[in-house]
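Participant: Structure file protein.txt (compact mmCIF, C-alpha atoms) right here:
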# COMPACT_ATOMS: atom_id res chain seq x y z
CA MET A 749 164.91 416.79 110.04
CA ALA A 750 161.24 416.36 109.19
CA ASN A 751 160.38 415.38 105.65
CA THR A 752 158.65 418.43 104.14
CA SER A 753 157.17 416.33 101.34
CA LEU A 754 154.56 415.01 103.77
CA ILE A 755 152.13 416.81 106.04
CA PRO A 756 153.31 416.27 109.66
CA ALA A 757 150.94 415.22 112.42
CA GLY A 758 148.71 418.07 113.53
CA ASP A 759 147.51 421.13 111.68
CA PHE A 760 150.25 423.74 111.33
CA ARG A 761 148.45 426.08 108.92
CA THR A 762 148.57 429.54 110.45
CA SER A 763 147.24 431.68 107.56
CA TYR A 764 144.39 431.66 105.08
CA ALA A 765 146.88 431.49 102.21
CA ALA A 766 148.34 428.28 103.63
CA ASP A 767 144.86 426.82 104.06
CA THR A 768 143.89 427.49 100.44
CA THR A 769 147.16 426.48 98.81
CA ILE A 770 146.78 424.44 95.62
CA PHE A 771 149.48 421.92 96.53
CA PRO A 772 149.53 421.09 100.28
CA THR A 773 152.83 419.21 100.00
CA ARG A 774 155.94 419.31 97.84
CA THR A 775 155.20 415.74 96.75
CA SER A 776 151.80 416.66 95.31
CA ARG A 777 153.32 419.63 93.47
CA ASN A 778 156.12 417.53 92.00
CA ALA A 779 153.66 414.80 91.00
CA ALA A 780 151.57 417.37 89.12
CA ILE A 781 154.64 418.72 87.31
CA LEU A 782 155.79 415.21 86.37
CA GLY A 783 152.30 414.38 85.13
CA ILE A 784 152.28 417.43 82.85
CA VAL A 785 155.75 416.58 81.55
CA ALA A 786 154.64 413.00 80.87
CA VAL A 787 151.58 414.21 78.95
CA CYS A 788 153.86 416.35 76.78
CA PHE A 789 155.39 413.14 75.38
CA ALA A 790 151.99 411.73 74.38
CA PRO A 791 152.28 412.72 70.67
CA TYR A 792 155.46 410.63 70.41
CA LEU A 793 154.12 407.61 72.30
CA LEU A 794 150.49 407.28 71.21
CA SER A 795 148.92 406.48 67.87
CA GLY A 796 147.01 409.13 65.95
CA TYR A 797 143.69 407.65 67.07
CA TRP A 798 144.44 407.83 70.80
CA LEU A 799 146.00 411.25 70.36
CA SER A 800 142.71 412.49 68.89
CA ILE A 801 140.92 411.03 71.93
CA LEU A 802 143.23 413.03 74.22
CA ILE A 803 142.53 416.20 72.23
CA GLN A 804 138.78 415.63 72.61
CA ILE A 805 139.18 415.09 76.35
CA GLY A 806 141.05 418.39 76.61
CA ILE A 807 138.52 420.37 74.56
CA PHE A 808 135.43 418.94 76.24
CA GLY A 809 137.18 419.23 79.60
CA ILE A 810 137.38 423.02 79.17
CA ALA A 811 133.67 423.19 78.30
CA ALA A 812 132.74 420.97 81.26
CA LEU A 813 134.89 423.16 83.53
CA GLY A 814 132.74 426.17 82.64
CA LEU A 815 129.57 424.19 83.33
CA ASN A 816 130.96 423.11 86.70
CA ILE A 817 131.40 426.77 87.68
CA LEU A 818 127.70 427.29 87.01
CA VAL A 819 126.34 424.03 88.41
CA GLY A 820 128.93 422.84 90.90
CA PHE A 821 130.14 426.08 92.44
CA THR A 822 127.10 428.37 92.09
CA GLY A 823 124.28 425.84 92.37
CA GLN A 824 122.58 426.84 89.13
CA ILE A 825 121.58 424.47 86.34
CA SER A 826 121.90 424.58 82.57
CA ILE A 827 120.90 422.23 79.80
CA GLY A 828 121.87 424.64 77.04
CA HIS A 829 125.64 424.46 77.38
CA ALA A 830 126.14 422.84 73.97
CA ALA A 831 124.62 425.89 72.25
CA PHE A 832 127.28 428.17 73.78
CA PHE A 833 129.95 425.65 72.77
CA LEU A 834 128.67 425.87 69.20
CA LEU A 835 128.46 429.68 69.39
CA GLY A 836 132.16 429.82 70.26
CA ALA A 837 132.97 427.58 67.30
CA TYR A 838 131.00 429.68 64.82
CA THR A 839 132.28 432.96 66.25
CA SER A 840 135.95 432.01 65.99
CA ALA A 841 135.51 430.73 62.44
CA TYR A 842 133.59 433.90 61.48
CA LEU A 843 136.16 436.29 62.96
CA ASN A 844 139.04 434.49 61.29
CA ASN A 845 137.31 434.17 57.91
CA HIS A 846 135.89 437.69 57.61
CA TYR A 847 138.47 439.79 59.43
CA PRO A 848 142.31 439.80 59.45
CA ILE A 849 142.37 438.14 62.86
CA PRO A 850 144.71 435.16 63.34
CA VAL A 851 143.24 432.06 64.92
CA PHE A 852 145.48 432.65 67.95
CA PHE A 853 143.47 435.82 68.74
CA ALA A 854 140.13 434.61 67.33
CA ILE A 855 139.84 431.87 69.97
CA PRO A 856 139.90 434.13 73.08
CA LEU A 857 137.75 436.72 71.25
CA ALA A 858 135.20 433.98 70.58
CA GLY A 859 135.22 433.22 74.31
CA LEU A 860 134.53 436.88 75.12
CA VAL A 861 131.68 437.12 72.60
CA THR A 862 130.15 433.92 73.96
CA ALA A 863 130.49 435.27 77.51
CA LEU A 864 128.55 438.41 76.51
CA VAL A 865 125.77 436.28 75.02
CA GLY A 866 125.79 434.13 78.15
CA LEU A 867 125.48 437.31 80.18
CA LEU A 868 122.36 438.29 78.23
CA PHE A 869 120.72 434.93 78.88
CA GLY A 870 121.98 434.96 82.47
CA LEU A 871 120.26 438.22 83.40
CA PRO A 872 116.70 436.84 83.32
CA ALA A 873 117.82 433.36 84.38
CA ALA A 874 119.53 434.78 87.49
CA ARG A 875 116.12 435.46 89.03
CA LEU A 876 114.87 431.95 88.39
CA LYS A 877 115.54 428.65 90.11
CA GLY A 878 114.51 425.03 89.96
CA LEU A 879 112.36 423.89 87.08
CA TYR A 880 111.91 427.45 85.78
CA LEU A 881 115.68 427.85 85.40
CA VAL A 882 115.88 424.53 83.54
CA ILE A 883 113.23 425.71 81.09
CA ALA A 884 115.03 429.06 80.63
CA THR A 885 118.33 427.38 79.73
CA LEU A 886 116.49 424.95 77.46
CA ALA A 887 115.00 427.97 75.69
CA ALA A 888 118.52 429.39 75.24
CA GLN A 889 119.56 426.11 73.63
CA TYR A 890 116.74 426.20 71.08
CA ILE A 891 117.02 429.94 70.41
CA LEU A 892 120.72 429.72 69.57
CA ILE A 893 120.38 426.54 67.50
CA ASP A 894 117.56 428.15 65.50
CA PHE A 895 119.70 431.26 65.02
CA PHE A 896 122.57 429.15 63.66
CA SER A 897 120.18 427.44 61.23
CA ARG A 898 118.85 430.71 59.83
CA ALA A 899 121.77 433.18 60.02
CA GLU A 900 123.53 432.28 56.78
CA TRP A 901 125.73 435.39 57.03
CA PHE A 902 127.17 434.07 60.31
CA SER A 903 127.01 430.29 60.34
CA GLY A 904 126.30 429.40 56.74
CA GLY A 905 122.80 428.17 57.56
CA SER A 906 122.33 424.62 56.36
CA VAL A 907 125.84 424.60 54.88
CA PRO A 908 128.62 423.82 57.40
CA ALA A 909 131.01 426.70 58.07
CA MET A 910 134.68 426.20 57.28
CA ALA A 911 137.39 426.95 59.84
CA ASN A 912 141.10 427.43 59.24
CA PRO A 913 143.89 425.58 61.05
CA PHE A 914 145.46 427.19 64.10
CA SER A 915 147.87 429.90 63.00
CA LEU A 916 149.81 432.86 64.35
CA PHE A 917 151.43 435.44 62.05
CA GLY A 918 151.67 433.00 59.18
CA TRP A 919 152.86 430.03 61.21
CA VAL A 920 150.30 427.24 60.72
CA LEU A 921 150.08 424.20 62.99
CA GLN A 922 149.15 421.13 60.98
CA GLY A 923 148.12 417.73 62.30
CA ASP A 924 147.16 416.33 65.69
CA LYS A 925 150.70 416.24 67.04
CA GLN A 926 151.09 420.00 66.86
CA TYR A 927 147.51 420.88 67.76
CA PHE A 928 147.74 418.69 70.86
CA TYR A 929 150.09 421.21 72.47
CA VAL A 930 147.68 424.07 71.70
CA VAL A 931 144.87 422.23 73.47
CA LEU A 932 147.17 421.27 76.35
CA ALA A 933 148.17 424.91 76.85
CA TYR A 934 144.52 426.03 76.96
CA VAL A 935 143.64 423.22 79.38
CA LEU A 936 146.43 424.18 81.76
CA VAL A 937 145.62 427.90 81.65
CA SER A 938 141.87 427.30 82.06
CA TYR A 939 142.19 424.93 85.02
CA ILE A 940 144.77 427.13 86.76
CA LEU A 941 142.55 430.20 86.29
CA VAL A 942 139.48 428.48 87.73
CA THR A 943 141.46 426.95 90.60
CA ASN A 944 142.69 430.38 91.58
CA LEU A 945 139.26 431.93 91.02
CA MET A 946 137.82 429.65 93.68
CA ARG A 947 140.43 430.96 96.14
CA THR A 948 139.40 434.60 95.64
CA ARG A 949 136.63 436.68 97.18
CA ASP A 950 134.44 436.20 94.12
CA GLY A 951 134.99 432.45 94.12
CA ARG A 952 133.96 432.19 97.77
CA ALA A 953 130.90 434.31 96.97
CA LEU A 954 129.86 431.84 94.25
CA VAL A 955 130.16 428.95 96.71
CA ALA A 956 128.19 430.89 99.32
CA VAL A 957 125.37 431.42 96.82
CA ARG A 958 125.33 427.68 96.20
CA ASP A 959 125.43 426.61 99.85
CA HIS A 960 122.75 428.95 101.21
CA TYR A 961 121.62 431.89 99.13
CA LEU A 962 119.63 433.51 101.96
CA SER A 963 122.65 433.54 104.26
CA ALA A 964 124.81 434.83 101.41
CA GLU A 965 122.39 437.68 100.77
CA ILE A 966 122.33 438.59 104.47
CA MET A 967 126.14 438.74 104.38
CA GLY A 968 125.93 441.35 101.60
CA ILE A 969 126.53 439.14 98.56
CA ASN A 970 124.66 440.33 95.47
CA LEU A 971 122.86 437.20 94.32
CA THR A 972 121.90 438.54 90.90
CA LYS A 973 125.44 439.69 90.20
CA TYR A 974 127.11 436.39 91.02
CA ARG A 975 124.47 434.21 89.40
CA THR A 976 124.79 436.26 86.22
CA LEU A 977 128.59 436.15 86.50
CA SER A 978 128.49 432.36 86.73
CA PHE A 979 126.51 432.19 83.47
CA ALA A 980 129.05 434.46 81.76
CA LEU A 981 132.00 432.39 83.02
CA ALA A 982 130.36 429.14 81.96
CA ALA A 983 129.67 430.58 78.50
CA PHE A 984 133.24 431.93 78.24
CA PHE A 985 134.87 428.53 78.74
CA ALA A 986 132.27 426.89 76.49
CA GLY A 987 133.17 429.43 73.79
CA ILE A 988 136.89 428.78 74.19
CA ALA A 989 136.32 425.03 73.91
CA GLY A 990 134.05 425.46 70.91
CA ALA A 991 136.62 427.61 69.14
CA LEU A 992 139.31 425.01 69.76
CA TYR A 993 136.98 422.33 68.44
CA ALA A 994 136.24 424.34 65.28
CA HIS A 995 139.90 424.81 64.39
CA TYR A 996 140.57 421.15 65.14
CA GLN A 997 137.76 419.75 62.97
CA LEU A 998 138.16 422.58 60.39
CA VAL A 999 134.39 422.53 59.87
CA VAL A 1000 131.49 423.66 62.08
CA SER A 1001 127.99 422.24 61.88
CA ASN A 1002 124.87 422.15 64.09
CA GLU A 1003 124.79 418.38 63.85
CA GLY A 1004 125.62 416.67 67.12
CA PHE A 1005 125.20 419.73 69.31
CA GLY A 1006 121.58 419.47 70.33
CA ILE A 1007 120.27 418.94 73.82
CA GLU A 1008 121.85 415.46 73.95
CA ARG A 1009 125.30 417.10 73.89
CA SER A 1010 124.27 419.39 76.77
CA ILE A 1011 123.22 416.28 78.72
CA LEU A 1012 126.65 414.78 78.04
CA PHE A 1013 128.32 417.88 79.48
CA LEU A 1014 126.16 417.49 82.59
CA ALA A 1015 127.13 413.82 82.75
CA MET A 1016 130.82 414.78 82.73
CA ILE A 1017 130.53 416.91 85.86
CA ILE A 1018 128.15 414.51 87.63
CA ILE A 1019 130.42 411.53 87.06
CA GLY A 1020 133.59 413.47 87.84
CA GLY A 1021 132.17 415.24 90.87
CA ILE A 1022 130.00 418.35 91.04
CA GLY A 1023 132.03 421.20 92.48
CA SER A 1024 135.38 419.48 91.87
CA ILE A 1025 137.89 420.96 89.43
CA SER A 1026 140.04 417.85 89.11
CA GLY A 1027 136.90 415.71 88.97
CA THR A 1028 135.79 417.65 85.89
CA LEU A 1029 138.70 416.27 83.90
CA MET A 1030 138.13 412.78 85.32
CA GLY A 1031 134.47 412.85 84.32
CA THR A 1032 135.30 414.16 80.86
CA ALA A 1033 137.81 411.37 80.29
CA PHE A 1034 135.26 408.83 81.53
CA VAL A 1035 132.50 410.03 79.17
CA VAL A 1036 134.83 410.34 76.16
CA LEU A 1037 136.34 406.89 76.72
CA LEU A 1038 133.00 405.21 77.47
CA PRO A 1039 131.97 404.83 73.79
CA GLU A 1040 135.35 403.25 73.07
CA VAL A 1041 134.84 400.73 75.88
CA MET A 1042 131.28 400.02 74.77
CA GLU A 1043 132.46 399.56 71.19
CA TRP A 1044 135.03 397.02 72.38
CA LEU A 1045 132.39 395.29 74.52
CA SER A 1046 129.86 395.11 71.69
CA GLU A 1047 132.48 393.61 69.38
CA ALA A 1048 133.41 391.08 72.08
CA LEU A 1049 129.76 390.07 72.56
CA ARG A 1050 128.90 389.96 68.87
CA GLY A 1051 128.11 386.40 67.83
CA GLY A 1052 128.72 385.09 71.34
CA VAL A 1053 126.49 383.17 73.73
CA ILE A 1054 124.94 386.32 75.25
CA ASP A 1055 124.27 387.77 71.80
CA ARG A 1056 122.50 384.59 70.63
CA ALA A 1057 120.61 384.06 73.90
CA LEU A 1058 119.17 387.59 73.98
CA ALA A 1059 118.87 387.91 70.20
CA LEU A 1060 120.62 391.28 70.31
CA ASN A 1061 121.80 391.13 66.70
CA ASN A 1062 122.43 394.68 65.49
CA ASN A 1063 121.07 396.24 68.67
CA LEU A 1064 124.51 395.96 70.28
CA THR A 1065 125.38 399.34 68.84
CA PHE A 1066 122.76 400.93 71.10
CA LEU A 1067 124.67 399.80 74.18
CA ARG A 1068 126.61 403.06 74.10
CA GLU A 1069 123.45 405.17 74.29
CA ILE A 1070 121.97 403.03 77.05
CA ALA A 1071 125.19 402.90 79.07
CA ILE A 1072 125.57 406.65 79.61
CA GLY A 1073 122.08 406.92 81.12
CA LEU A 1074 122.59 403.92 83.37
CA ILE A 1075 125.97 405.18 84.53
CA ILE A 1076 124.58 408.63 85.42
CA ILE A 1077 121.87 406.97 87.52
CA ALA A 1078 124.43 404.66 89.15
CA PHE A 1079 126.69 407.56 90.09
CA LEU A 1080 123.80 409.59 91.48
CA VAL A 1081 122.74 406.63 93.65
CA PHE A 1082 126.01 405.01 94.68
CA GLU A 1083 128.65 407.73 94.21
CA PRO A 1084 126.92 411.15 94.26
CA ASP A 1085 130.23 412.95 94.88
CA GLY A 1086 131.76 411.46 91.73
CA LEU A 1087 135.16 410.07 90.82
CA ALA A 1088 136.97 412.90 92.63
CA HIS A 1089 135.53 411.76 95.96
CA ARG A 1090 136.52 408.15 95.26
CA TRP A 1091 140.06 409.31 94.41
CA ARG A 1092 140.27 411.22 97.71
CA GLN A 1093 139.14 408.11 99.58
CA ILE A 1094 141.79 405.99 97.86
CA LYS A 1095 144.50 408.51 98.80
CA ALA A 1096 143.24 408.67 102.38
CA TYR A 1097 143.27 404.87 102.60
CA TRP A 1098 146.92 404.59 101.61
CA LYS A 1099 147.88 407.55 103.77
CA LEU A 1100 146.31 405.96 106.87
CA TYR A 1101 147.15 402.31 106.10
CA PRO A 1102 147.21 400.00 108.08
CA PHE A 1103 144.90 402.01 110.39
CA SER A 1104 141.25 402.46 109.55
CA HIS A 1105 141.10 406.15 110.51
Can the structure in the file be given as C-alpha cells, please?
Facilitator:
Amino acid sequence: MANTSLIPAGDFRTSYAADTTIFPTRTSRNAAILGIVAVCFAPYLLSGYWLSILIQIGIFGIAALGLNILVGFTGQISIGHAAFFLLGAYTSAYLNNHYPIPVFFAIPLAGLVTALVGLLFGLPAARLKGLYLVIATLAAQYILIDFFSRAEWFSGGSVPAMANPFSLFGWVLQGDKQYFYVVLAYVLVSYILVTNLMRTRDGRALVAVRDHYLSAEIMGINLTKYRTLSFALAAFFAGIAGALYAHYQLVVSNEGFGIERSILFLAMIIIGGIGSISGTLMGTAFVVLLPEVMEWLSEALRGGVIDRALALNNNLTFLREIAIGLIIIAFLVFEPDGLAHRWRQIKAYWKLYPFSH
C-alpha cells in the first residue's frame, strides 16, 4: 500500500480544492500540529526573558502579516504601518478604560476601529501608485502620530496612556506565562484566517491586482475596491497587534513608533519573503532576534583585537542599527524571495536527494 504521508510520483490533484489545500501531505499536517503543541510548552521550558521575546515575535508577526497582505499580496506599499499599530493600542486601552468593555472584547473592537481608519486612508491611496503612494502612506503616519500627541482625551497627549491586563469577566491573566497563550491564540487564528483568505475569490483577486492590474481590470476585478480592502485588512491586523502589545506592556506611548518602526515592519516581510505567509513569521523572528545577536556580538568584540584595531570603543552599540539596513540590502540583492524561498529550496533538496532535480 502506498504511503499517504508522501506525495506519490506524478500529479494526482483532480480538483481546485486539492490544489489549494493548506497541507499537501499528512506528514506536513502532523508536523504543524506537533510544532504547535511543542510551542505550548515554551512557558515551562524557557526563561522569562526568552518568553518575552517569543511574545514580541507573535505580536509583531500579526502586524507584519497585515502588511504582507497589502505589500506582498496586493502589490501596494506602506510606510505608515506603525501608526495603525499604535492606533490599535490606544483604541483598546481607551475602550477598556472608559467603557465597561473587557479587554477580551476591546482587542477585536480596536482592530475594527483601526480597519475603518485604514479604509479612510485607503480610499485616496487606492488611486495612487509608486512614489505617490509612498508619500500618501507617509502622510498617514505623520497625521496619526500628530493626532496622538494632541488628543489628550484619547491618548493622554504627552502622558503615556495606561492599559489594563488581559481580562474576561473578572478573570485576569497576570504575567508572561499566561499572556503567552493569549498571543499564541491570536497568532494561530490570524494566520489561519489569512491562509484561507488567499484561497478564496477575494484572495485571488488581490493577487491578480498585484500581478497585473490591467489584466485584472479587464477580467472584471474592481481595482479600487480591492486596493482599499487591502488597506483595511492591513490596518485591522495592525490594530489587533497593537492592542495585544498595549495590554502586554500595560502602557502606551508614541515613543518608538515613528517611521523607523514602519521600516522594521517592511524589513520583516522583505527578509521573510514578500507574499509568503509562513515567511512573515520567519522574517519577524529574524528581525526581533537580530538585536539580541548583535548585542552578543558587540559584547564579544568589546576590548578585543578588532575593537582596538578599529577604535570602535562605544560605537559597538550602533552595530544593531547598521546591521538591519545592511541585511535588508543583502536580502534584496542575494535572496529577494526571502527566508521562505530558502526554506522551500532546502526541503526540495532533501526530497530529491541524491538527485539534483
Participant: How many Å separate CA of Gly1073 (chain A) from CA of Ile1011 (chain A)?
Facilitator: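 According to the coordinates, CA of Gly1073 (chain A) and CA of Ile1011 (chain A) are separated by 9.7 Å.
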Participant: From the options A:Ala911, A:Leu868, A:Ile810, A:Leu881, which residue's atoms come nearest to Pro850 (chain A), counting only C-alpha atoms?
Facilitator: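 Among the listed residues, the smallest separation from Pro850 (chain A) belongs to A:Ala911.
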Participant: Given 4 Å on each side, where is the centre and what are the edge lengths in Å to one decimal of the axis-aligned box enclosing the listed atoms of region 946-962 of chain A, as lines of an AutoDock Vina configuration file?
Facilitator:
center_x = 130.0
center_y = 431.6
center_z = 97.8
size_x = 28.8
size_y = 18.1
size_z = 16.3
Participant: What does the structure give for the distance between CA of Ser963 (chain A) and CA of Leu886 (chain A), in Å to one decimal?
Facilitator: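 Between CA of Ser963 (chain A) and CA of Leu886 (chain A) the gap is 28.8 Å.
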Participant: Mind giving me the straight-line distance from CA of Gly1031 (chain A) to CA of Leu793 (chain A) in Å, one decimal?
Facilitator: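 CA of Leu793 (chain A) lies at a distance of 23.6 Å from CA of Gly1031 (chain A).
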Participant: Name the closest residue to Met946 (chain A) among the candidates A:Ser1024, A:Leu1014, A:Gln824, A:Ile1072; distances are taken between atoms, counting all atoms listed in the file.
Facilitator: A:Ser1024
Participant: Rank A:Ala1088, A:Ala830, A:Ile1077, A:Leu1029 by their smallest atom-to-atom distance to Gly809 (chain A), using only C-alpha atoms, and report the top residue only.
Facilitator: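 Ranked by minimum distance to Gly809 (chain A), first place goes to A:Leu1029.
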Participant: Of the candidates A:Asn944, A:Asn1002, A:Gln997, A:Thr775, which one gets nearest to Arg898 (chain A) if we count all atoms listed in the file?
Facilitator: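 When distances to Arg898 (chain A) are compared using all atoms listed in the file, the smallest one comes from A:Asn1002.
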Participant: Between A:Leu941, A:Met910, A:Ile817, A:Ile1019, which one has atoms that come closest to Ile1075 (chain A), using all atoms listed in the file?
Facilitator: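 That would be A:Ile1019, the residue with the smallest distance to Ile1075 (chain A).
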Participant: Please list as a list in words every residue within 7 Å of region 803-807 of chain A, counting all atoms listed in the file and excluding residues in the same chain fewer than 2 positions away.
Facilitator: Leu799, Ser800, Ile801, Gly809, Ile810, Ala811, Phe928, Val931, Leu932, Val935, Ala989, Leu992, Tyr993, Thr1032, Ala1033 and Val1036 of chain A
Participant: Out of A:Tyr939, A:Phe984, A:Tyr792, A:Phe896, which residue has the shortest atom-to-atom distance to Val865 (chain A) when counting all atoms listed in the file?
Facilitator: A:Phe984
Participant: I need region 808-820 of chain A from the structure I supplied, saved as a PDB file, in the first residue's frame with N, CA, C and O atoms retained.
Facilitator:
ATOM      1  N   PHE A 808       4.368  41.147  16.859  1.00  0.00           N
ATOM      2  CA  PHE A 808       4.853  41.812  15.646  1.00  0.00           C
ATOM      3  C   PHE A 808       4.584  40.962  14.405  1.00  0.00           C
ATOM      4  O   PHE A 808       4.441  41.495  13.305  1.00  0.00           O
ATOM      5  N   GLY A 809       4.504  39.634  14.599  1.00  0.00           N
ATOM      6  CA  GLY A 809       4.181  38.766  13.468  1.00  0.00           C
ATOM      7  C   GLY A 809       2.777  39.000  12.945  1.00  0.00           C
ATOM      8  O   GLY A 809       2.535  38.902  11.733  1.00  0.00           O
ATOM      9  N   ILE A 810       1.835  39.306  13.833  1.00  0.00           N
ATOM     10  CA  ILE A 810       0.463  39.622  13.403  1.00  0.00           C
ATOM     11  C   ILE A 810       0.451  40.936  12.622  1.00  0.00           C
ATOM     12  O   ILE A 810      -0.204  41.058  11.582  1.00  0.00           O
ATOM     13  N   ALA A 811       1.184  41.943  13.128  1.00  0.00           N
ATOM     14  CA  ALA A 811       1.243  43.231  12.424  1.00  0.00           C
ATOM     15  C   ALA A 811       1.895  43.076  11.059  1.00  0.00           C
ATOM     16  O   ALA A 811       1.421  43.641  10.061  1.00  0.00           O
ATOM     17  N   ALA A 812       2.989  42.320  10.998  1.00  0.00           N
ATOM     18  CA  ALA A 812       3.675  42.108   9.720  1.00  0.00           C
ATOM     19  C   ALA A 812       2.798  41.319   8.749  1.00  0.00           C
ATOM     20  O   ALA A 812       2.869  41.524   7.530  1.00  0.00           O
ATOM     21  N   LEU A 813       1.971  40.421   9.273  1.00  0.00           N
ATOM     22  CA  LEU A 813       1.059  39.663   8.418  1.00  0.00           C
ATOM     23  C   LEU A 813       0.099  40.602   7.690  1.00  0.00           C
ATOM     24  O   LEU A 813      -0.163  40.439   6.490  1.00  0.00           O
ATOM     25  N   GLY A 814      -0.433  41.592   8.413  1.00  0.00           N
ATOM     26  CA  GLY A 814      -1.314  42.567   7.771  1.00  0.00           C
ATOM     27  C   GLY A 814      -0.591  43.353   6.695  1.00  0.00           C
ATOM     28  O   GLY A 814      -1.139  43.595   5.605  1.00  0.00           O
ATOM     29  N   LEU A 815       0.649  43.747   6.975  1.00  0.00           N
ATOM     30  CA  LEU A 815       1.423  44.492   5.978  1.00  0.00           C
ATOM     31  C   LEU A 815       1.717  43.641   4.757  1.00  0.00           C
ATOM     32  O   LEU A 815       1.755  44.150   3.631  1.00  0.00           O
ATOM     33  N   ASN A 816       1.897  42.342   4.959  1.00  0.00           N
ATOM     34  CA  ASN A 816       2.176  41.455   3.826  1.00  0.00           C
ATOM     35  C   ASN A 816       0.946  41.306   2.926  1.00  0.00           C
ATOM     36  O   ASN A 816       1.087  41.091   1.722  1.00  0.00           O
ATOM     37  N   ILE A 817      -0.252  41.398   3.501  1.00  0.00           N
ATOM     38  CA  ILE A 817      -1.456  41.394   2.659  1.00  0.00           C
ATOM     39  C   ILE A 817      -1.430  42.591   1.716  1.00  0.00           C
ATOM     40  O   ILE A 817      -1.734  42.475   0.520  1.00  0.00           O
ATOM     41  N   LEU A 818      -1.037  43.731   2.244  1.00  0.00           N
ATOM     42  CA  LEU A 818      -1.016  44.970   1.462  1.00  0.00           C
ATOM     43  C   LEU A 818       0.126  44.977   0.450  1.00  0.00           C
ATOM     44  O   LEU A 818      -0.073  45.278  -0.730  1.00  0.00           O
ATOM     45  N   VAL A 819       1.320  44.637   0.907  1.00  0.00           N
ATOM     46  CA  VAL A 819       2.511  44.745   0.062  1.00  0.00           C
ATOM     47  C   VAL A 819       2.737  43.481  -0.750  1.00  0.00           C
ATOM     48  O   VAL A 819       2.954  43.536  -1.967  1.00  0.00           O
ATOM     49  N   GLY A 820       2.688  42.334  -0.082  1.00  0.00           N
ATOM     50  CA  GLY A 820       3.042  41.090  -0.747  1.00  0.00           C
ATOM     51  C   GLY A 820       1.970  40.518  -1.642  1.00  0.00           C
ATOM     52  O   GLY A 820       2.267  39.967  -2.712  1.00  0.00           O
TER      53      GLY A 820
END
